[in-house]
Every structure is written in structure tokens, then in C-alpha cells.
Amino acid sequence: MAGKNIKVLLVEDNPGDVFLLQEFLKEVTTVVVDLMPVERLSEAINYLAKEIFDVILLDLSLPDSQGLETFVIAHHQAKATPIIVLTGINDETLAIRAMQEGAQDYLVKGQVTGDLLVRSMRYAIERQRADDALRHSEERFRVALKNSPIFVYNQDMELRYTWVYNPPSGLTVEEILGKQDLDIIPVEDAQHLITIKHGVLTTGIGTREEVSITIKDTTRYYDLTVEPLRNELQEVVGVTCASIDISERKLAEEKIREQAALLDVTTDAICVRDLNNQIIFWNKGAETLYGWQATEAWGKNASELLYDEPSPEIEAALLQATSKGKWQGELNKLTKTNKEILVASRWSLVYDEQGKPKAILTVDTDITEKKHLEAQLFRAQRLESIGTLASGIAHDLNNILTPILAGAQLLPLKFPNADERTRHLLEILEVNARRGADLVKQVLSFARGVEGKRITLQIRHLIVEVGKILKETFPKSIQISTDVLQDLWMVSGDSTQLHQVLMNLCVNARDAMPNGGSLSLYAENVLIDENYARINLEAKEGPYIVMTVSDTGVGIAKEILDRIFEPFFTTKDVGKGTGLGLSTVLGIVKSHGGFVNVYSEPGTGTSFQVYLPAVEGMETITPEELPPQAGHGELILIVDDEVAIQEITKTSLETHNYKTLIASDGIEAIALYAQNQDKIDAVLMDIMLPTLDGLTAIRTLQKINPLVRIIASSGLMSDKKLSAVAAIGINTFLVKPYTVNELLLSLHKVLSQLN
């Protein structure tokens, strides 16, 4: 370097720094530096495109580029030119990162001298040359090392081993160096290798083949790559070879061939297709699953036979199978009858004896039924979670509605001479309070499957009654038809709730036919067998009544079909639906031990099938509700933490000739009862209380007086809560919001039983 000029590209936007560097270089006498200063990275890129420099001095903070990106761009433009980064005292960390990305050195501004600058440039140039030499050396061995660990070796023109790396098991480097293939392996194997290598020496073109070689009585299979070895003049002076042991793969392929006879035994669908997607093997399992006989499938294009149309999933699976040797996943396929099924599919690339891809082996397992069951389970879990939330909301709403409903019934008694407008407003208040209570009951029906009064009833009467209502209230453009067997079986259920099920389904059907159509209601007897129960999680073997509500409306889109039973989910416009109709249907039907199936096709219509377990017996006649009776001065202890409920219950009872005491929690209730035990005739106890819960308070009162008369109440009734109340001997349970009549009847019941 002493006698040669150094051509330097200086990329620096600070004139002061440029001037200092120029002055430093003038002091150097050992070498002549040709310095080309530029201020912007874009100017430097332009110079690099036209001229060659020995070294680049690069500031990372430029007007048109900042930070590490400055180096990355410059390095990309001039990979063969060494770069020295110029940095400030506080930017050494950034400079070090640049060196990690490929910079040869860095200099700190303010600490540079002329000699230091020249030494750094010489060092950078020499290091760049060393890096280039190393890259060239690595390139010569690229083929040999790309599949490491492998057996790599060089041979001269006489095919004598001149260099050996990682020899195969059974041989050492000393046993190979200086020898030829005939000296090491059997003649037949050696002649085959010699033929391959002579071809490369003659043509100068590399090759790749699978070979078998026996070494000390052990035969192994190898993937052999042979490339010409060239000198600096690009003359062929020998061969460089890479040999990969593929014995395990060959044994695996042999095992596949040996197992071919067993493929027809499995129930999985097994298909082999060539690389042109033509079917060349089709087992009995494939015949059973897809319906195509082997003679029909052979030679056919698999995509045309099994798919409706090409899809990105199929293309991705094919790409991975051909590039990585295998793929697995889930696919939708079609049977001979055009039925869509879901399969778990495993694809494996099959190789020929030379190790070249030959075909694709596909094993398909039908998981349609499994996925159907999983979907039912996931939907049940999702609905259960939403139901838990809905229950809490319903409890709070019931506490709010109780005083409103009772107050609406008491006000007419307090003001019997009110004018007609006032009476009408009170009627509106009571009606809307009842509607609110019914809405809460719908939420509870969904959330916990609330049970009403169960009797043995005939569904035929319900369908006939609903049919009459529909014909009177639905638009004339909708044709109503009913069809019920005369010998329809009985069910055990709540007629009011089942009436609501039918009405909710029919109202939805009406809304789905804005331009008219047909709505049909029919019922039939069905006997569910083991096979049907196995594919439907909610079904059990035995007799069922099936009520079907079908319409010819717009249908339900497939993507929302699984969500229609979720509470508050609706596709109707704002103000036209609460989203509780179908969730209520599902809650009521499940509380009756039944289940619901829905079938829909957009543009054609929808059919809901309600399955209810059939029972034996005669139809139950529901007795008339007894009229409420006033009290005779009995003292009632009211225990509730809601002030509004305390006040309205107190007013209701005192209006009907009862006396009252009020407690806000369990502890206060116990204290009041202990003080007035001989005066209190009955206790109205809320189950959910602060400080001390209702059940614990009831047990304490029973210890004080085993004959205490108690009515339990709650805004959230569930089977678990009813069981807990019944377990401590309380058989009267009042569900909020309750009417004044229901409260009086419950009191009359407990007082009459104990008198």
C-alpha cells in the first residue's frame, strides 16, 4: 500500500469536520490520499455507481439519511468497498452496531489524527480483502457443505483422494487419502462411481445420483453430488463430492411397499396420485368413504373427483407436500353423491428408487361427525357462559320489578275513586310491569332452564290454539296450515311455556316472510334410536314428540346459524326484536328435557324441529287459581335488603289486614324474631342477603323455633337453590317479581298448613 494512492469517498455534511480530515491527511507523507467529499448519501450513491473507491468514510447522520439505515444503504450499494464509520463521542454504540452489520472500523470525531486515519483505512482495505478471500473459499465448498454433516472429499484427475472430511462409518481419513475407489470398495460399486465421476471430468457439468456402497460387509445408500473442481484459470483439475447417507429413508420406502398389501384393511381412505394429480391407487376405505369404486377413480384427476372447485388450501397443501415431503390438516371434500364431508388428511411424498419424487400418498379420516359433536359442545359451553351473566342481570331486574308490580296493584285499592284517566295510567303501569317480568322470565328460561308448573298435556291442543291465533293476527298473505296426529303421545310440561315456544318460532317465521308465504305447524311421534342419540349430544334413546314449524321465508345464512340461539343476538332492525326469542325457546325446551334442530337454506326457508320426551298417562286438568284471602291480623316478619321491596311488601300486607316487622339482613331478622317469637306468625325471607345469607338465617330461626313458618323468596330461581331450600324443610318458594295475589296465596298456604 506504500506506493499506491488511496482513493477515498468522504460522506460528511459538516464542513468543519471535512476541513479537519483534509488537514490531517495533508500531514501524512507515507501515502497519497485522493479524497472525494460529498454531503448527502444520495450523492455518494451516485459516485459509487460510476467510480470505484478504496475506502468509504461515512457519517451516519446526514441530511437525507439517519442512523443505522445510512450504513445499510451504503453497504448494499458498495458491498466490495470497506466502510469506516465516523461517529461522535456519544454515538459509539451506533457505530458498534454498524460494525456488526459489516463496517470494517469506526473513528470517533475529535480523536482522529492523520496517522490514525491512514492506519484505519489500510486496516479496512486489508480486512476487506481477507473477507473477500474467505467468501471465495467458502463458495468453492458450497455444494459439499450445504447438507452437513456429510461425507465431503476431493479427487484429482486420476480420481485419487486428495482431501477428505467426515468419512463414512467403517473408514478413516488415513485409509482413504491417496487411494482410488477400487482400493476401498467392491469392484462393482467402484466402477459405478468411476463412471459417474468420469462423466463430470469430461463434461465439466455436475450431477447428482443415488448409489449403494458396501463398506466392510455393510451396504448403505447415499445421495451423491459430484461437481467439477477448477483452478484459478477455471480449468477442471478434479472433482469435489458430497455424499449423504439416505439408508434410513430407503428403508422407510421399502417398508411402505411391504405394507401396501395392508392398505385395504384400514377404514381410512388411502389414495396415491402421481405428480400430475392422476389417481393411481384407491383402497377399499376410499371406496366406502367417497362412494367411487377403484375402477372409477383410477386415472381420474383427484381435484376434479373430490373438490367442487380449486381452493388456496389445496394449493398450499400441495406446495408443502412437494417441498417438505409431508403435510397434514383438515379439508372439505365431496363424495360421489355430492355430499360435503370433512376429513383429517395426511399427505406424504413418495420417492422412486433413485430418490426422485414419484407420487403423493394421501390418508383421509372422516371427522364430519366428530366436528359436528364438537360444534354442539362448544355452542353449549358458550351458551352456558352467557347464561351465567344473564342470570345475574335477571336477579337485579326482578328486585326492581317487584315493588313496581305490587305498587301498580295496590294503588287502585288506595284510590278507588280515581278518575278514569288515572285508572287507565295505573293499568298501563301494571301491564308494562308484567311485560318486564315476562322478559326477565325469558332470560331465566334461557339461563337456567326455569321450570314452570308441569302437567301431563296434549300438544295437539296447543298447536290448534296457536293456529287459530295465527290465522286471526298474521297477514292474509301468509298461509297457515296445521297437521297433528290424532294419536299423538303426551308430554310433561308447562303449557304456558310451550305456548310461548310455538309463538316465538311463528313470529320469527312471520318476520322472515315480509312478502307472504307459507307457515306450517305439525307434530308427530318419533322413536329415537341409539345411532341418532350418538350423533346428537342432547338426544337420548326413547319416544319423543316432534313439533315442527316451517316457513318459506328468506332463510338463515350459514355463517350465523350457530349464533341464532344466543341471547340478544338478532338480525332484525333496531326496535323490531330483543334477540331473546330463540334463546328463550332453547331454554324452555332444554328445561323440558328436549332439544331443538334447525334446518335452513337462504332463499328457500327455515324449519325448526322441537323434540320433547313423550310420557305415559292421561291429560291433567289444571285447577282454577284460588282467590286471595285477607289476613286476620297476623304478624309477618319481612326480611329483604331492598328498601323498595320492604316498603311495597309492608303496604301490600297491611292493606290486606296483616301486621308487619321489617329486617334488612339475616342478623337483624334473627334479633327481631328472638324478641317477638311469640307474636310473629310467619317469616318472608329473601335468600340473597348481605352480612348473613338467607339460608343461614333460616337455619338459625329453626333452631330458635323448629315450627317457625317461613316463605323463601329470590329474584333468581334455580334447581340448586330450590334443592337447598327444600333440604332445610322450606316448601314454599316465592319468585320475584311476585304479584300481591301470589304473596297472599303463599301466606295463606303456610298459615293454613300449620294452624
# chains A, B, ... in the order shown; residues from 1 in each chain; ligands from 1
>>> residues_around(residues="Gly542 in chain A", least_positions_apart="5", cutoff="7 Å", atoms="only C-alpha atoms", output="list in words")
Leu527, Ile528 and Asp529 of chain A
>>> write_last_selection(atoms="N, CA and C atoms", output="compact mmCIF listing (two decimals), in the first residue's frame")
# COMPACT_ATOMS: atom_id res chain seq x y z
N LEU A 527 -89.45 -42.16 17.48
CA LEU A 527 -88.70 -43.02 18.39
C LEU A 527 -87.22 -42.88 18.07
N ILE A 528 -86.45 -42.27 18.97
CA ILE A 528 -85.02 -42.05 18.75
C ILE A 528 -84.23 -43.29 19.15
N ASP A 529 -83.38 -43.75 18.22
CA ASP A 529 -82.59 -44.95 18.48
C ASP A 529 -81.18 -44.58 18.93
>>> residues_around(residues="Thr660 in chain A", least_positions_apart="6", cutoff="6 Å", atoms="only C-alpha atoms", output="mmCIF file with N, CA, C and O atoms, in the first residue's frame")
data_model
loop_
_atom_site.group_PDB
_atom_site.id
_atom_site.type_symbol
_atom_site.label_atom_id
_atom_site.label_comp_id
_atom_site.auth_asym_id
_atom_site.auth_seq_id
_atom_site.Cartn_x
_atom_site.Cartn_y
_atom_site.Cartn_z
ATOM 1 N N LEU A 635 -98.970 -11.305 62.369
ATOM 2 C CA LEU A 635 -97.745 -10.501 62.269
ATOM 3 C C LEU A 635 -96.738 -11.232 61.376
ATOM 4 O O LEU A 635 -96.385 -12.391 61.640
ATOM 5 N N ILE A 636 -96.277 -10.543 60.332
ATOM 6 C CA ILE A 636 -95.354 -11.130 59.351
ATOM 7 C C ILE A 636 -94.020 -10.395 59.425
ATOM 8 O O ILE A 636 -93.979 -9.158 59.359
ATOM 9 N N LEU A 637 -92.915 -11.157 59.559
ATOM 10 C CA LEU A 637 -91.570 -10.579 59.536
ATOM 11 C C LEU A 637 -91.056 -10.588 58.091
ATOM 12 O O LEU A 637 -90.891 -11.650 57.488
#
>>> residues_around(residues="Glu174 in chain A", least_positions_apart="6", cutoff="12 Å", atoms="only C-alpha atoms", output="list in words")
Tyr161, Thr162, Trp163, Val164, Tyr165, Asn166, Pro167 and Ile184 of chain A
>>> write_last_selection(atoms="N, CA, C and O atoms", output="short mmCIF file (atom, residue, chain, number, x, y, z; two decimals), in the first residue's frame")
data_model
loop_
_atom_site.label_atom_id
_atom_site.label_comp_id
_atom_site.auth_asym_id
_atom_site.auth_seq_id
_atom_site.Cartn_x
_atom_site.Cartn_y
_atom_site.Cartn_z
N TYR A 161 -7.96 -39.70 -3.98
CA TYR A 161 -8.48 -38.83 -2.92
C TYR A 161 -7.38 -37.88 -2.44
O TYR A 161 -6.31 -38.32 -2.01
N THR A 162 -7.63 -36.57 -2.55
CA THR A 162 -6.64 -35.57 -2.12
C THR A 162 -7.06 -34.83 -0.85
O THR A 162 -6.22 -34.22 -0.19
N TRP A 163 -8.36 -34.87 -0.54
CA TRP A 163 -8.85 -34.23 0.69
C TRP A 163 -10.13 -34.93 1.11
O TRP A 163 -11.00 -35.24 0.30
N VAL A 164 -10.25 -35.20 2.43
CA VAL A 164 -11.40 -35.96 2.94
C VAL A 164 -11.92 -35.29 4.21
O VAL A 164 -11.12 -34.88 5.08
N TYR A 165 -13.25 -35.20 4.30
CA TYR A 165 -13.88 -34.65 5.52
C TYR A 165 -15.04 -35.55 5.91
O TYR A 165 -15.89 -35.90 5.09
N ASN A 166 -15.08 -35.95 7.20
CA ASN A 166 -16.19 -36.72 7.75
C ASN A 166 -16.42 -38.03 6.98
O ASN A 166 -17.49 -38.23 6.39
N PRO A 167 -15.43 -38.95 6.97
CA PRO A 167 -15.58 -40.21 6.22
C PRO A 167 -16.72 -41.06 6.78
O PRO A 167 -17.08 -40.93 7.95
N ILE A 184 -10.76 -49.26 -2.18
CA ILE A 184 -11.50 -49.11 -0.92
C ILE A 184 -12.78 -49.93 -0.88
O ILE A 184 -13.12 -50.54 0.14
#
>>> residues_around(residues="range 46-60 of chain A", least_positions_apart="4", cutoff="7 Å", atoms="only C-alpha atoms", output="ChimeraX atom specification")
/A:6-12,42,66-68,70-71,78,81-87,121,125
>>> write_last_selection(atoms="C-alpha atoms", output="PDB file, in the first residue's frame")
ATOM      1  CA  ILE A   6      -5.724   5.601  -1.690  1.00  0.00           C
ATOM      2  CA  LYS A   7      -8.963   6.799  -3.281  1.00  0.00           C
ATOM      3  CA  VAL A   8     -11.395   7.781  -0.523  1.00  0.00           C
ATOM      4  CA  LEU A   9     -15.089   8.750  -0.647  1.00  0.00           C
ATOM      5  CA  LEU A  10     -15.884  11.007   2.346  1.00  0.00           C
ATOM      6  CA  VAL A  11     -19.626  11.263   3.146  1.00  0.00           C
ATOM      7  CA  GLU A  12     -19.868  14.104   5.697  1.00  0.00           C
ATOM      8  CA  SER A  42     -27.723  10.257  -2.411  1.00  0.00           C
ATOM      9  CA  GLN A  66     -30.119   8.986   9.712  1.00  0.00           C
ATOM     10  CA  GLY A  67     -28.754   6.236  11.939  1.00  0.00           C
ATOM     11  CA  LEU A  68     -28.005   2.629  11.084  1.00  0.00           C
ATOM     12  CA  THR A  70     -27.438   5.107   6.438  1.00  0.00           C
ATOM     13  CA  PHE A  71     -24.840   2.354   6.713  1.00  0.00           C
ATOM     14  CA  ALA A  78     -20.881  -0.948  -2.336  1.00  0.00           C
ATOM     15  CA  THR A  81     -15.732  -1.422  -0.672  1.00  0.00           C
ATOM     16  CA  PRO A  82     -14.710  -1.241   3.012  1.00  0.00           C
ATOM     17  CA  ILE A  83     -16.586   1.325   5.101  1.00  0.00           C
ATOM     18  CA  ILE A  84     -15.236   3.217   8.120  1.00  0.00           C
ATOM     19  CA  VAL A  85     -17.952   4.820  10.228  1.00  0.00           C
ATOM     20  CA  LEU A  86     -17.363   8.360  11.580  1.00  0.00           C
ATOM     21  CA  THR A  87     -19.142   8.937  14.864  1.00  0.00           C
ATOM     22  CA  MET A 121      -8.013   2.907   6.092  1.00  0.00           C
ATOM     23  CA  ILE A 125      -8.775  -2.378   2.984  1.00  0.00           C
TER      24      ILE A 125
END
>>> select_by_dssp(residues="range 487-687 of chain A", states="strand (DSSP E)", output="number ranges by chain")
A: 490-493, 517-528, 542-551, 595-601, 605-615, 635-639, 659-663, 680-686
>>> residues_around(residues="Glu253 in chain A", least_positions_apart="3", cutoff="9 Å", atoms="only C-alpha atoms", output="PyMOL selection string")
chain A and resi 248-250+256-258+350-353
>>> atom_distance(atom1="CA of Ile667 in chain A", atom2="CA of Ile728 in chain A")
18.5 Å
>>> closest_residue(among="A:Gln180, A:Leu429, A:Leu349, A:Ser385", to="Glu566 in chain A", atoms="only C-alpha atoms")
A:Ser385
